[in-house]
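Report on one structure; see the data block that follows.
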Amino acid sequence: PAFAAIVVAAGSGSRAGGAKQWRTLGGKPVVRWSVEALLKAGAEDVVVVIARGSEAEAQTALAGLSGWRLASGGAARADSVRNGLTALGGPADRPVLIHDAARPLLGAAIIRRLLEALAHADGALPVLPVTDSLRRATDGRLSGGVDRENLWRAQTPQAFRLQTIIDAYAAWPAGEAATDEAAVVERNGGGVVIIEGDARLMKLTIPEDFAMAEALIPRQTR
Ligand code: CTP
Ligand code: MG
């Protein structure tokens, strides 16, 4: 089905030691991986949200691709998403995938599963099971266990219809930090479903993550 996408790339990458979205991973700028994957999967409009002053880096990173455009980011990730939604526009029922540029290894299967799930839900997100056992500790001392059975690690892209996510952000309490779009839609009464995520969709957060992601790049695309 027809869909649009927002790729948020307006962060400062402070934990990675600098703007990670323009760095090269497996021979390609980090942000380019996601934009290429979305365009290849049929995205008809991709809005890339960047910080002011990053236009030249973005143009260089995305040179030669068509079907994308730039929008300005905000102070927090949620502000960047909201700016992206405003820039995107389109019909209320338009499916929109909202994605972190910091998760470059996006595959076609995830996009397909998200769009399929959106046919019978208000939102969908990829998740991975928690495999480590979880412990709660207070002041350095164990203070009870945590059942990991119903816990999942959330990834992006997250899929919604345009008006669903716009309305949910409009209803979100001002000043409260939003974890992700799924949480915002769920809080507004939406039914959000999980789909099977992908280990390769790991987020580049700290410097060590680059080597790990590099090792996860499928052979044929290196
Ligand atoms: N992001 C954004 N606008 C912000 C903050 C974050 O568009 N104001 C984007 C980042 O560019 C990234 C994604 O949101 O693609 C996930 O955020 P994170 O991994 O935290 O990236 P940074 O905020 O850049 O890194 P850090 O928190 O270490 O500074
Ligand atoms: Mg951040």
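Residue numbers start at 1 in each chain; chains themselves are named A, B, ... in the order of the structure tokens; ligands are numbered from 1 in the order shown.
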
Counting only C-alpha atoms and all ligand atoms, what are the residues, protein, DNA or RNA alike, that approach ligand 2 to within 8 Å? I want them as an mmCIF file with N, CA and C atoms, in the first residue's frame.
```cif
data_model
loop_
_atom_site.group_PDB
_atom_site.id
_atom_site.type_symbol
_atom_site.label_atom_id
_atom_site.label_comp_id
_atom_site.auth_asym_id
_atom_site.auth_seq_id
_atom_site.Cartn_x
_atom_site.Cartn_y
_atom_site.Cartn_z
ATOM 1 N N GLY A 11 19.232 14.799 16.014
ATOM 2 C CA GLY A 11 19.900 14.680 17.308
ATOM 3 C C GLY A 11 21.356 15.095 17.237
ATOM 4 N N SER A 12 21.972 15.226 18.410
ATOM 5 C CA SER A 12 23.371 15.671 18.440
ATOM 6 C C SER A 12 24.348 14.508 18.613
ATOM 7 N N GLY A 13 23.839 13.313 18.883
ATOM 8 C CA GLY A 13 24.710 12.147 19.014
ATOM 9 C C GLY A 13 25.715 12.283 20.139
ATOM 10 N N SER A 14 25.288 12.885 21.245
ATOM 11 C CA SER A 14 26.259 13.182 22.312
ATOM 12 C C SER A 14 26.896 11.914 22.887
ATOM 13 N N ALA A 76 13.774 18.256 21.429
ATOM 14 C CA ALA A 76 13.696 16.838 21.817
ATOM 15 C C ALA A 76 13.230 16.019 20.617
ATOM 16 N N ARG A 77 13.464 14.710 20.680
ATOM 17 C CA ARG A 77 13.080 13.850 19.575
ATOM 18 C C ARG A 77 11.606 14.024 19.204
#
```

List as a ChimeraX atom specification the protein and nucleic acid residues lying within 7 Å of ligand 1, with only C-alpha atoms and all ligand atoms counted. /A:8-16,19-21,49-50,73-77,79-81,100-102,203-205

Just write the chosen residues, C-alpha atoms, as a CSV table (one decimal), in the first residue's frame.
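This is the output file selection.csv:
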```csv
chain,number,residue,atom,x,y,z
A,8,VAL,CA,14.4,11.8,12.5
A,9,ALA,CA,18.0,12.8,12.2
A,10,ALA,CA,18.1,16.0,14.2
A,11,GLY,CA,19.9,14.7,17.3
A,12,SER,CA,23.4,15.7,18.4
A,13,GLY,CA,24.7,12.1,19.0
A,14,SER,CA,26.3,13.2,22.3
A,15,ARG,CA,26.7,9.6,23.6
A,16,ALA,CA,28.3,8.5,20.3
A,19,ALA,CA,26.6,13.6,14.9
A,20,LYS,CA,26.3,9.9,14.1
A,21,GLN,CA,23.7,10.3,11.3
A,49,VAL,CA,14.2,15.9,9.9
A,50,ILE,CA,17.5,17.5,10.6
A,73,GLY,CA,14.1,19.4,13.9
A,74,GLY,CA,13.3,20.5,17.5
A,75,ALA,CA,14.9,20.3,20.9
A,76,ALA,CA,13.7,16.8,21.8
A,77,ARG,CA,13.1,13.8,19.6
A,79,ASP,CA,9.6,17.9,18.7
A,80,SER,CA,11.5,16.6,15.7
A,81,VAL,CA,8.7,14.1,15.0
A,100,ASP,CA,15.2,6.9,13.8
A,101,ALA,CA,18.1,7.6,11.5
A,102,ALA,CA,20.2,6.0,14.2
A,203,LYS,CA,20.2,1.7,17.5
A,204,LEU,CA,23.6,3.3,17.2
A,205,THR,CA,24.0,5.0,20.6
```

For Ala183 of chain A, which of A:Ala78, A:Leu142, A:Ile206, A:Leu201 is the closest residue, counting only C-alpha atoms? A:Ala78

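Comparing A:Asp122, A:Glu176, A:Asp147, A:Asp167 by their smallest distance to Arg82 of chain A, the closest is A:Asp167 (using only C-alpha atoms).
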
Residue neighbourhood Thr60 of chain A, 12 Å, only C-alpha atoms, exclusion window fewer than 4 positions, as a PDB file with N, CA and C atoms, in the first residue's frame:
```
ATOM      1  N   GLN A  21      24.510  10.488  12.535  1.00  0.00           N
ATOM      2  CA  GLN A  21      23.698  10.257  11.329  1.00  0.00           C
ATOM      3  C   GLN A  21      24.446  10.484  10.026  1.00  0.00           C
ATOM      4  N   TRP A  22      25.539  11.285  10.062  1.00  0.00           N
ATOM      5  CA  TRP A  22      26.305  11.568   8.836  1.00  0.00           C
ATOM      6  C   TRP A  22      27.539  10.690   8.723  1.00  0.00           C
ATOM      7  N   ARG A  23      27.843   9.937   9.764  1.00  0.00           N
ATOM      8  CA  ARG A  23      29.027   9.068   9.726  1.00  0.00           C
ATOM      9  C   ARG A  23      28.841   7.925   8.730  1.00  0.00           C
ATOM     10  N   THR A  24      29.931   7.332   8.303  1.00  0.00           N
ATOM     11  CA  THR A  24      29.855   6.233   7.348  1.00  0.00           C
ATOM     12  C   THR A  24      29.807   4.900   8.072  1.00  0.00           C
ATOM     13  N   LYS A  28      28.478   3.608   3.595  1.00  0.00           N
ATOM     14  CA  LYS A  28      27.348   4.504   3.306  1.00  0.00           C
ATOM     15  C   LYS A  28      27.051   5.372   4.516  1.00  0.00           C
ATOM     16  N   PRO A  29      26.647   6.622   4.314  1.00  0.00           N
ATOM     17  CA  PRO A  29      26.264   7.431   5.470  1.00  0.00           C
ATOM     18  C   PRO A  29      25.104   6.774   6.219  1.00  0.00           C
ATOM     19  N   VAL A  30      25.142   6.843   7.532  1.00  0.00           N
ATOM     20  CA  VAL A  30      24.138   6.188   8.378  1.00  0.00           C
ATOM     21  C   VAL A  30      22.715   6.503   7.924  1.00  0.00           C
ATOM     22  N   VAL A  31      22.407   7.781   7.712  1.00  0.00           N
ATOM     23  CA  VAL A  31      21.031   8.172   7.365  1.00  0.00           C
ATOM     24  C   VAL A  31      20.613   7.609   6.005  1.00  0.00           C
ATOM     25  N   ARG A  32      21.561   7.419   5.115  1.00  0.00           N
ATOM     26  CA  ARG A  32      21.241   6.957   3.766  1.00  0.00           C
ATOM     27  C   ARG A  32      20.663   5.534   3.752  1.00  0.00           C
ATOM     28  N   SER A  54      22.597  21.625   9.325  1.00  0.00           N
ATOM     29  CA  SER A  54      23.049  20.319   8.828  1.00  0.00           C
ATOM     30  C   SER A  54      22.653  20.069   7.379  1.00  0.00           C
ATOM     31  N   GLU A  55      22.163  21.114   6.701  1.00  0.00           N
ATOM     32  CA  GLU A  55      21.652  20.929   5.333  1.00  0.00           C
ATOM     33  C   GLU A  55      22.724  20.356   4.404  1.00  0.00           C
ATOM     34  N   ALA A  56      23.943  20.884   4.502  1.00  0.00           N
ATOM     35  CA  ALA A  56      24.995  20.428   3.585  1.00  0.00           C
ATOM     36  C   ALA A  56      25.318  18.959   3.811  1.00  0.00           C
ATOM     37  N   GLY A  64      21.840  11.920  -5.021  1.00  0.00           N
ATOM     38  CA  GLY A  64      21.502  10.914  -6.038  1.00  0.00           C
ATOM     39  C   GLY A  64      20.195  10.194  -5.785  1.00  0.00           C
ATOM     40  N   LEU A  65      19.616  10.358  -4.604  1.00  0.00           N
ATOM     41  CA  LEU A  65      18.322   9.723  -4.310  1.00  0.00           C
ATOM     42  C   LEU A  65      17.215  10.749  -4.569  1.00  0.00           C
TER      43      LEU A  65
END
```

Contacts of segment 34-47 of chain A at 7 Å or less, counting only C-alpha atoms, minus same-chain residues fewer than 5 places along, as a ChimeraX atom specification? /A:2-7,67-71,84,88,101,104-108

If you keep C-alpha atoms, can you produce a file of those selected residues as a JSON list (two decimals), in the first residue's frame?
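Saved result, part-v4.json, follows:
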```json
[["chain", "number", "residue", "atom", "x", "y", "z"],
["A", 2, "ALA", "CA", 0.98, 3.65, -0.40],
["A", 3, "PHE", "CA", 2.83, 5.03, 2.59],
["A", 4, "ALA", "CA", 5.01, 7.95, 3.66],
["A", 5, "ALA", "CA", 7.87, 8.12, 6.14],
["A", 6, "ILE", "CA", 9.58, 10.46, 8.57],
["A", 7, "VAL", "CA", 13.23, 9.83, 9.41],
["A", 67, "GLY", "CA", 11.68, 11.13, -3.15],
["A", 68, "TRP", "CA", 12.98, 12.74, 0.04],
["A", 69, "ARG", "CA", 12.92, 16.28, 1.42],
["A", 70, "LEU", "CA", 14.18, 18.04, 4.53],
["A", 71, "ALA", "CA", 12.38, 19.51, 7.55],
["A", 84, "GLY", "CA", 8.12, 16.11, 10.49],
["A", 88, "LEU", "CA", 4.54, 15.80, 5.69],
["A", 101, "ALA", "CA", 18.06, 7.60, 11.48],
["A", 104, "PRO", "CA", 20.23, 2.27, 9.77],
["A", 105, "LEU", "CA", 19.83, -1.44, 9.03],
["A", 106, "LEU", "CA", 16.17, -1.36, 8.06],
["A", 107, "GLY", "CA", 14.94, -4.30, 6.00],
["A", 108, "ALA", "CA", 11.99, -4.71, 3.63]]
```

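Taking atom CA of Ala58 of chain A as the reference point, atom CA of Gly27 of chain A is found at 15.9 Å.
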
Hey, what does DSSP flag as helix (DSSP H, G or I) within segment 107-149 of chain A? Can you give it to me as a VMD selection string? chain A and resid 108 to 118

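Here atom CA of Gly123 of chain A stands at a distance of 13.5 Å from atom CA of His99 of chain A.
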
Using only C-alpha atoms: which of A:Arg153, A:Arg161, A:Arg136, A:Arg103 has the shortest distance to Ala213 of chain A: A:Arg103

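Between atom CA of Ala121 of chain A and atom CA of Gly175 of chain A the interatomic distance comes to 27.8 Å.
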
Show which residues sit within 8 Å of segment 128-134 of chain A, as a compact mmCIF listing (two decimals) with N, CA and C atoms, in the first residue's frame. Count only C-alpha atoms, and ignore same-chain residues fewer than 5 positions away.
```
# COMPACT_ATOMS: atom_id res chain seq x y z
N GLY A 145 12.51 -9.30 41.98
CA GLY A 145 12.71 -9.69 40.59
C GLY A 145 11.73 -9.01 39.67
N VAL A 146 11.97 -9.13 38.37
CA VAL A 146 11.08 -8.57 37.37
C VAL A 146 10.75 -9.69 36.38
N ASP A 147 9.48 -9.90 36.15
CA ASP A 147 9.06 -10.91 35.20
C ASP A 147 9.26 -10.36 33.79
N ARG A 148 10.12 -11.04 33.00
CA ARG A 148 10.40 -10.49 31.67
C ARG A 148 9.41 -10.98 30.63
N LEU A 151 7.62 -8.32 28.73
CA LEU A 151 8.44 -7.14 28.44
C LEU A 151 9.11 -7.28 27.08
N TRP A 152 9.19 -6.19 26.35
CA TRP A 152 9.74 -6.21 25.00
C TRP A 152 10.63 -4.99 24.81
N ARG A 153 11.63 -5.13 23.92
CA ARG A 153 12.50 -4.00 23.56
C ARG A 153 11.95 -3.36 22.28
N ALA A 154 11.59 -2.11 22.38
CA ALA A 154 10.94 -1.42 21.26
C ALA A 154 11.96 -0.91 20.24
N GLN A 155 11.59 -1.01 18.97
CA GLN A 155 12.43 -0.47 17.90
C GLN A 155 11.61 0.51 17.07
N GLU A 196 7.19 -8.72 14.97
CA GLU A 196 8.54 -9.24 15.22
C GLU A 196 9.59 -8.26 14.71
N GLY A 197 10.50 -7.84 15.59
CA GLY A 197 11.56 -6.91 15.23
C GLY A 197 12.74 -7.61 14.60
N ASP A 198 13.87 -6.92 14.55
CA ASP A 198 15.04 -7.43 13.85
C ASP A 198 16.28 -6.96 14.62
N ALA A 199 17.16 -7.90 14.97
CA ALA A 199 18.37 -7.55 15.72
C ALA A 199 19.21 -6.53 14.96
```

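With only C-alpha atoms as the atoms that count, the residue of A:Thr138, A:Gln158, A:Ser66, A:Ser143 with the shortest distance to Leu118 of chain A is A:Gln158.
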